[in-house]
Amino acid sequence: MKRTGVYGMMAEFDSVHTLLEAANRTREAGFKRIDAYSPFPVEGLAEAIGFHHDEVPLVVLIGGLIGGLTGYLMQYWISVVSYPVNVGGKPYHSWPAFVIVTFEMTILFAGISAVLGMLALNGLPMPYHPVFNVPRFAFATKDRFFLIVFSSDPKYNSLDVRRFLEGLRPRSISEVPD
Amino acid sequence: MDEPTKSAPVIEPGHTFGTVTDKISSIVLTRPTSNAWFVGFGVMFLLTMMLLFAVGYLFVKGIGIWGVTIPIGWGFAIVNFVWWIGIGHAGTLISAILLLLRQSWRNSINRFAEAMTLFAVASAGIFPLIHVGRPWLAYWLFPYPNTMRVWPQFRSPLVWDVFAVSTYATISALFWFIGLIPDLATLRDRSDERWKKIIYGILAMGWRGSARHWHRYETAYLLLAGLATPLVLSVHTVVSFDFAVGIVPGWHTTIFPPYFVAGAIYSGFAMVLMLAIPIRKVYALEDFITERHLQNSAKVMLATGLIVAYGYIIEAFMGWYGGNRYDAFLLWNRLHGPYSFFYYMLLVCNIVIPQVLWIPKLRTSPVWLFLISGVVLVGMWLERFIIVVVSLHRDFLTSSWGMYYPTRWDWMTYIGTIGLFLSAMFLFVRLLPMISIFEMRTLLPEAEVKE
């Protein structure tokens with residue numbers, strides 16, 4: 001894995017506007033593998049770094065479908081096949097009574113899929129990550145905004161990237177060791 | 001946010017990302033634990049121990065130590081279960097429904113309202129389990145393959161309830177935890193001590209605020225809110241089915257689901273106010289939990305209180321107009337029977353007194369709101385008492401009428417759950433950020449992105 005010993009070049013910004021502008025300009029300059037870090041969700045930032053495919057809704061849809069099917073089929077199998085009990089003359093397959101558990105199971109599975117799917121797609125939990133090697137990165141969860149160009153970017157070259165980022169007028173620039 | 005100047009702001013002006021972060025995280029990280037906290041937590045912890053004792057004795061002796069006896073097979077346990085689970089509903093309403101409705105003022109109160117939901121559902125969940133008589137067999141309620149080759153009966157509302165409440169507890173916990181992740185990362189980066197960094201670091205799971213992560217995070221959060229919204233409405237609906245599907249007069253009515261949900265939100269907002277008012281005072285959070293929040297919560301209480309009042313009116317009207325002699329007797333029995341004092345108290349607490357919230361001055365007065373909220377909580381508890389006990393104690397056959405008197409064990413269990421709930425709240429405000437830091441940042445003017 002260790003090719004260069006460098007994970008990327010990181011620039012620190014004061015405000016959400018400068019970060020957003022910097023991210024847009026970096027992408028337009030042809031850098032493909034970049035990321036941005038902010039202390040709260042910023043509208044348009046994911047698009048600015050070239051992220052378009054969010055698979056979370058699909059995961060939730062599949063989870064919900066599996067949950068609903070499981071809920072209904074479980075009740076059908078238990079009440080009709082495995083353990084048919086005559087309760088007040090109601091049919092074994094009392095579908096209106098099965099709606100509620102089916103609904104709850106749909107929500108349960110969809111909700112769990114949303115959380116676990118989001119974490120898995122984000123690669124979390126991740127105990128170690130190179131960006132934490134930059135001491136100033138601790139402010140990314142407070143009031144600072146960061147932009148990184150990964151060293152895996154085809155156009156990556158330490159000197160050029162640093163010069164380019166300096167042109168974006170950041171507050172500081174640091175090389176991120178791997 | 002863009003409301004005209006007439007109402008108080010959601011955050012007092014002058015705050016920045018830094019001050020919001022420091023103010024909320026310092027409560028957890030640097031503020032010394034006061035003696036008052038220890039006293040408060042200690043008292044609540046003792047009450048929790050009382051709960052443990054009461055439940056322990058119950059396990060040894062059986063539910064004969066309670067006041068329940070035929071014909072009143074559902075006593076305090078079910079009253080308290082419905083009361084607690086209803087209180088939980090406000091947390092989900094604030095965090096999920098108000099998120100979907102873009103009510104950004106919710107960002108100041110959603111975190112501790114969600115915590116309130118969790119602890120209320122935990123307190124509620126105890127009751128049906130210990131109420132089943134043989135609590136060590138409570139797991140029979142869940143469908144699991146067993147050597148007896150029996151399964152739950154899915155036409156029963158009690159089984160629906162198991163699924164509804166356990167789903168609700170799970171989704172509430174997930175929603176609360178996913179909301180905490182970015183703030184746990186903030187605490188990890190703000191704390192100076194190594195062991196705190198490690199603990200918050202493990203809980204934050206390596207969150208680093210990447211734009212890709214935020215995007216998926218927001219999608220998941222929004223979807224979870226969209227799932228929790230019908231869920232929360234279904235939970236108290238299913239709880240009301242426990243009654244409405246039965247044929248007991250006073251239970252067998254179609255008004256129950258909407259009226260239960262409204263009552264749940266009514267009592268939940270009362271609990272939110274009873275927690276928020278002392279918390280904002282003690283921790284000097286008036287900048288974040290402003291008069292606007294108090295006023296909006298009071299308005300929700302007023303509105304849901306009127307829906308509850310409508311439910312009472314329809315119940316009484318149907319008793320009089322429906323022509324069913326048992327329903328008519330139920331109405332008479334509520335007004336003139338042995339428990340009539342509690343019915344009048346219920347009307348006073350839930351309908352008469354809260355009408356003072358029409359006065360704008362009282363809607364922003366913390367002291368008044370605190371008192372009125374307390375009255376509403378008592379009133380909503382009485383409502384469940386009336387529904388459970390008064391309906392059961394005199395049903396179709398005069399020969400099987402009876403009376404219900406709670407015993408000291410009933411009271412110890414009930415008060416014990418209040419202790420459990422509040423000791424969990426005490427721990428929560430000390431160990432976790434009680435206001436969502438990252439959502440507060442998004443409300444600041446400097447967070448606005450201009451195209």
# chains A, B, ... in the order shown; residues from 1 in each chain; ligands from 1

call {"tool": "select_by_dssp", "arguments": {"residues": "chain A", "states": "helix (DSSP H, G or I)", "output": "PyMOL selection string"}}
result
chain A and resi 16-28+45-48+56-82+95-121+130-133+135-141+158-166

call {"tool": "residues_around", "arguments": {"residues": "range 41-55 of chain B", "least_positions_apart": "4", "cutoff": "12 Å", "atoms": "only C-alpha atoms", "output": "number ranges by chain"}}
result
B: 33-37, 59-63, 65-66, 77, 123, 126-127, 129-131, 133, 135, 407-430

call {"tool": "residues_around", "arguments": {"residues": "range 73-86 of chain A", "least_positions_apart": "6", "cutoff": "9 Å", "atoms": "only C-alpha atoms", "output": "list in words"}}
result
Tyr92, His93, Ser94, Trp95, Phe98, Val101 and Thr102 of chain A; Pro143, Arg149, Val150, Trp151, Pro152, Gln153 and Phe154 of chain B

call {"tool": "write_last_selection", "arguments": {"atoms": "N, CA and C atoms", "output": "short mmCIF file (atom, residue, chain, number, x, y, z; two decimals), in the first residue's frame"}}
result
data_model
loop_
_atom_site.label_atom_id
_atom_site.label_comp_id
_atom_site.auth_asym_id
_atom_site.auth_seq_id
_atom_site.Cartn_x
_atom_site.Cartn_y
_atom_site.Cartn_z
N TYR A 92 -57.54 -18.57 9.06
CA TYR A 92 -56.12 -18.70 9.39
C TYR A 92 -55.32 -17.59 8.74
N HIS A 93 -55.66 -17.33 7.48
CA HIS A 93 -54.95 -16.27 6.76
C HIS A 93 -55.72 -14.96 6.97
N SER A 94 -55.57 -14.37 8.17
CA SER A 94 -56.30 -13.12 8.47
C SER A 94 -55.45 -11.94 8.03
N TRP A 95 -55.45 -11.67 6.72
CA TRP A 95 -54.48 -10.67 6.25
C TRP A 95 -54.66 -9.28 6.87
N PHE A 98 -52.65 -9.00 9.82
CA PHE A 98 -51.20 -9.14 9.63
C PHE A 98 -50.55 -7.84 9.16
N VAL A 101 -47.98 -5.95 11.90
CA VAL A 101 -46.64 -6.51 12.10
C VAL A 101 -45.82 -6.36 10.81
N THR A 102 -46.48 -6.52 9.66
CA THR A 102 -45.78 -6.32 8.38
C THR A 102 -45.23 -4.90 8.30
N PRO B 143 -41.82 -14.33 18.32
CA PRO B 143 -41.86 -15.58 17.56
C PRO B 143 -40.45 -16.14 17.45
N ARG B 149 -43.20 -26.16 20.06
CA ARG B 149 -43.82 -26.03 18.75
C ARG B 149 -45.07 -25.15 18.79
N VAL B 150 -45.01 -24.08 19.58
CA VAL B 150 -46.11 -23.10 19.57
C VAL B 150 -45.56 -21.77 19.07
N TRP B 151 -46.49 -20.93 18.59
CA TRP B 151 -46.11 -19.62 18.06
C TRP B 151 -47.07 -18.57 18.59
N PRO B 152 -46.66 -17.30 18.54
CA PRO B 152 -47.60 -16.23 18.94
C PRO B 152 -48.81 -16.20 18.00
N GLN B 153 -49.86 -15.55 18.50
CA GLN B 153 -51.12 -15.50 17.79
C GLN B 153 -51.23 -14.10 17.18
N PHE B 154 -51.06 -14.01 15.87
CA PHE B 154 -50.89 -12.70 15.25
C PHE B 154 -52.18 -11.92 15.04
#

call {"tool": "closest_residue", "arguments": {"among": "B:Val132, B:Ala270, B:Phe119, B:Val10", "to": "Gly73 in chain B", "atoms": "only C-alpha atoms"}}
result
B:Val132

call {"tool": "interface_residues", "arguments": {"of": "chain A", "to": "chain B", "cutoff": "7 Å", "atoms": "only C-alpha atoms", "output": "number ranges by chain"}}
result
A: 16-17, 35-41, 45-46, 51, 54, 56, 75, 78, 83, 97-98, 100-101, 104, 107-108, 111, 114-115, 118, 122, 124-127, 138, 141-143

call {"tool": "write_last_selection", "arguments": {"atoms": "C-alpha atoms", "output": "CSV table (one decimal), in the first residue's frame"}}
result
chain,number,residue,atom,x,y,z
A,16,VAL,CA,-17.8,27.6,4.1
A,17,HIS,CA,-17.8,30.0,1.1
A,35,ASP,CA,-12.3,15.4,-0.7
A,36,ALA,CA,-13.6,18.2,1.6
A,37,TYR,CA,-14.2,18.2,5.3
A,38,SER,CA,-16.7,20.4,7.2
A,39,PRO,CA,-18.1,20.6,10.7
A,40,PHE,CA,-21.7,20.4,9.4
A,41,PRO,CA,-23.3,19.3,6.2
A,45,LEU,CA,-20.2,20.4,-1.3
A,46,ALA,CA,-20.5,16.8,-2.3
A,51,PHE,CA,-19.7,12.9,-5.6
A,54,ASP,CA,-25.5,8.0,-3.1
A,56,VAL,CA,-28.2,4.9,0.7
A,75,GLN,CA,-47.1,-14.5,10.0
A,78,ILE,CA,-46.9,-19.5,11.4
A,83,TYR,CA,-49.5,-23.6,14.0
A,97,ALA,CA,-54.6,-8.5,11.1
A,98,PHE,CA,-51.2,-9.1,9.6
A,100,ILE,CA,-49.5,-4.1,11.5
A,101,VAL,CA,-46.6,-6.5,12.1
A,104,GLU,CA,-43.5,-2.6,11.8
A,107,ILE,CA,-39.9,0.1,9.3
A,108,LEU,CA,-37.5,-1.9,11.5
A,111,GLY,CA,-34.3,1.8,9.6
A,114,ALA,CA,-30.4,3.1,6.7
A,115,VAL,CA,-28.0,3.3,9.6
A,118,MET,CA,-24.7,4.6,5.7
A,122,ASN,CA,-18.8,5.5,4.5
A,124,LEU,CA,-17.1,3.5,9.3
A,125,PRO,CA,-16.1,2.6,11.9
A,126,MET,CA,-12.5,3.4,10.9
A,127,PRO,CA,-10.2,3.6,13.9
A,138,ALA,CA,-9.0,18.6,15.0
A,141,THR,CA,-15.2,19.2,13.9
A,142,LYS,CA,-15.4,22.8,15.2
A,143,ASP,CA,-15.2,25.8,12.9

call {"tool": "atom_distance", "arguments": {"atom1": "CA of His336 in chain B", "atom2": "CA of Asp395 in chain B"}}
result
15.3 Å

call {"tool": "residues_around", "arguments": {"residues": "Ala309 in chain B", "least_positions_apart": "6", "cutoff": "10 Å", "atoms": "only C-alpha atoms", "output": "list in words"}}
result
Tyr259, Ala262, Gly263, Ala303, Glu315, Leu347, Asn350, Ile351 and Val352 of chain B

call {"tool": "residues_around", "arguments": {"residues": "Ala110 in chain A", "least_positions_apart": "5", "cutoff": "10 Å", "atoms": "only C-alpha atoms", "output": "PyMOL selection string"}}
result
(chain A and resi 57+59-68+104-105+115-117) or (chain B and resi 171+223-224+227)

call {"tool": "write_last_selection", "arguments": {"atoms": "N, CA, C and O atoms", "output": "PDB file, in the first residue's frame"}}
result
ATOM      1  N   PRO A  57     -30.370   5.410  -0.402  1.00  0.00           N
ATOM      2  CA  PRO A  57     -31.807   5.140  -0.628  1.00  0.00           C
ATOM      3  C   PRO A  57     -32.068   3.737  -1.160  1.00  0.00           C
ATOM      4  O   PRO A  57     -33.044   3.097  -0.745  1.00  0.00           O
ATOM      5  N   VAL A  59     -30.291   1.030  -0.593  1.00  0.00           N
ATOM      6  CA  VAL A  59     -30.115   0.098   0.521  1.00  0.00           C
ATOM      7  C   VAL A  59     -31.357   0.083   1.403  1.00  0.00           C
ATOM      8  O   VAL A  59     -31.847  -0.972   1.817  1.00  0.00           O
ATOM      9  N   VAL A  60     -31.897   1.288   1.665  1.00  0.00           N
ATOM     10  CA  VAL A  60     -33.068   1.385   2.535  1.00  0.00           C
ATOM     11  C   VAL A  60     -34.278   0.722   1.870  1.00  0.00           C
ATOM     12  O   VAL A  60     -35.050   0.012   2.520  1.00  0.00           O
ATOM     13  N   LEU A  61     -34.414   0.942   0.572  1.00  0.00           N
ATOM     14  CA  LEU A  61     -35.540   0.328  -0.152  1.00  0.00           C
ATOM     15  C   LEU A  61     -35.465  -1.196  -0.067  1.00  0.00           C
ATOM     16  O   LEU A  61     -36.452  -1.864   0.257  1.00  0.00           O
ATOM     17  N   ILE A  62     -34.270  -1.729  -0.322  1.00  0.00           N
ATOM     18  CA  ILE A  62     -34.122  -3.187  -0.279  1.00  0.00           C
ATOM     19  C   ILE A  62     -34.386  -3.693   1.137  1.00  0.00           C
ATOM     20  O   ILE A  62     -35.112  -4.675   1.339  1.00  0.00           O
ATOM     21  N   GLY A  63     -33.830  -2.992   2.127  1.00  0.00           N
ATOM     22  CA  GLY A  63     -34.057  -3.391   3.519  1.00  0.00           C
ATOM     23  C   GLY A  63     -35.533  -3.400   3.866  1.00  0.00           C
ATOM     24  O   GLY A  63     -36.037  -4.344   4.474  1.00  0.00           O
ATOM     25  N   GLY A  64     -36.234  -2.344   3.457  1.00  0.00           N
ATOM     26  CA  GLY A  64     -37.660  -2.263   3.752  1.00  0.00           C
ATOM     27  C   GLY A  64     -38.442  -3.377   3.086  1.00  0.00           C
ATOM     28  O   GLY A  64     -39.319  -3.991   3.706  1.00  0.00           O
ATOM     29  N   LEU A  65     -38.128  -3.671   1.836  1.00  0.00           N
ATOM     30  CA  LEU A  65     -38.833  -4.744   1.128  1.00  0.00           C
ATOM     31  C   LEU A  65     -38.598  -6.085   1.816  1.00  0.00           C
ATOM     32  O   LEU A  65     -39.530  -6.862   2.026  1.00  0.00           O
ATOM     33  N   ILE A  66     -37.333  -6.335   2.179  1.00  0.00           N
ATOM     34  CA  ILE A  66     -37.024  -7.599   2.855  1.00  0.00           C
ATOM     35  C   ILE A  66     -37.785  -7.673   4.177  1.00  0.00           C
ATOM     36  O   ILE A  66     -38.382  -8.704   4.517  1.00  0.00           O
ATOM     37  N   GLY A  67     -37.802  -6.553   4.915  1.00  0.00           N
ATOM     38  CA  GLY A  67     -38.496  -6.533   6.201  1.00  0.00           C
ATOM     39  C   GLY A  67     -39.976  -6.820   6.042  1.00  0.00           C
ATOM     40  O   GLY A  67     -40.549  -7.646   6.761  1.00  0.00           O
ATOM     41  N   GLY A  68     -40.616  -6.145   5.086  1.00  0.00           N
ATOM     42  CA  GLY A  68     -42.048  -6.325   4.881  1.00  0.00           C
ATOM     43  C   GLY A  68     -42.372  -7.751   4.469  1.00  0.00           C
ATOM     44  O   GLY A  68     -43.294  -8.380   5.012  1.00  0.00           O
ATOM     45  N   GLU A 104     -44.597  -2.795  10.826  1.00  0.00           N
ATOM     46  CA  GLU A 104     -43.528  -2.561  11.800  1.00  0.00           C
ATOM     47  C   GLU A 104     -42.216  -3.197  11.341  1.00  0.00           C
ATOM     48  O   GLU A 104     -41.139  -2.616  11.514  1.00  0.00           O
ATOM     49  N   MET A 105     -42.299  -4.377  10.770  1.00  0.00           N
ATOM     50  CA  MET A 105     -41.088  -5.053  10.295  1.00  0.00           C
ATOM     51  C   MET A 105     -40.459  -4.294   9.126  1.00  0.00           C
ATOM     52  O   MET A 105     -39.231  -4.243   8.992  1.00  0.00           O
ATOM     53  N   VAL A 115     -29.115   2.994   8.775  1.00  0.00           N
ATOM     54  CA  VAL A 115     -27.974   3.305   9.635  1.00  0.00           C
ATOM     55  C   VAL A 115     -26.759   2.453   9.249  1.00  0.00           C
ATOM     56  O   VAL A 115     -25.666   2.982   8.996  1.00  0.00           O
ATOM     57  N   LEU A 116     -26.966   1.138   9.166  1.00  0.00           N
ATOM     58  CA  LEU A 116     -25.825   0.271   8.852  1.00  0.00           C
ATOM     59  C   LEU A 116     -25.336   0.536   7.423  1.00  0.00           C
ATOM     60  O   LEU A 116     -24.128   0.519   7.169  1.00  0.00           O
ATOM     61  N   GLY A 117     -26.268   0.796   6.500  1.00  0.00           N
ATOM     62  CA  GLY A 117     -25.875   1.082   5.116  1.00  0.00           C
ATOM     63  C   GLY A 117     -25.051   2.348   5.031  1.00  0.00           C
ATOM     64  O   GLY A 117     -24.022   2.395   4.356  1.00  0.00           O
TER      65      GLY A 117
ATOM     66  N   ILE B 171     -35.653   1.874  16.620  1.00  0.00           N
ATOM     67  CA  ILE B 171     -35.486   3.000  15.700  1.00  0.00           C
ATOM     68  C   ILE B 171     -35.148   4.282  16.469  1.00  0.00           C
ATOM     69  O   ILE B 171     -34.309   5.074  16.028  1.00  0.00           O
ATOM     70  N   LEU B 223     -34.113   9.813   5.607  1.00  0.00           N
ATOM     71  CA  LEU B 223     -34.918   8.611   5.397  1.00  0.00           C
ATOM     72  C   LEU B 223     -35.394   8.044   6.731  1.00  0.00           C
ATOM     73  O   LEU B 223     -36.534   7.607   6.863  1.00  0.00           O
ATOM     74  N   LEU B 224     -34.488   8.086   7.709  1.00  0.00           N
ATOM     75  CA  LEU B 224     -34.861   7.590   9.031  1.00  0.00           C
ATOM     76  C   LEU B 224     -35.998   8.443   9.610  1.00  0.00           C
ATOM     77  O   LEU B 224     -36.928   7.914  10.231  1.00  0.00           O
ATOM     78  N   LEU B 227     -39.100   7.384   8.025  1.00  0.00           N
ATOM     79  CA  LEU B 227     -39.581   6.097   8.538  1.00  0.00           C
ATOM     80  C   LEU B 227     -40.142   6.250   9.946  1.00  0.00           C
ATOM     81  O   LEU B 227     -41.122   5.602  10.313  1.00  0.00           O
TER      82      LEU B 227
END
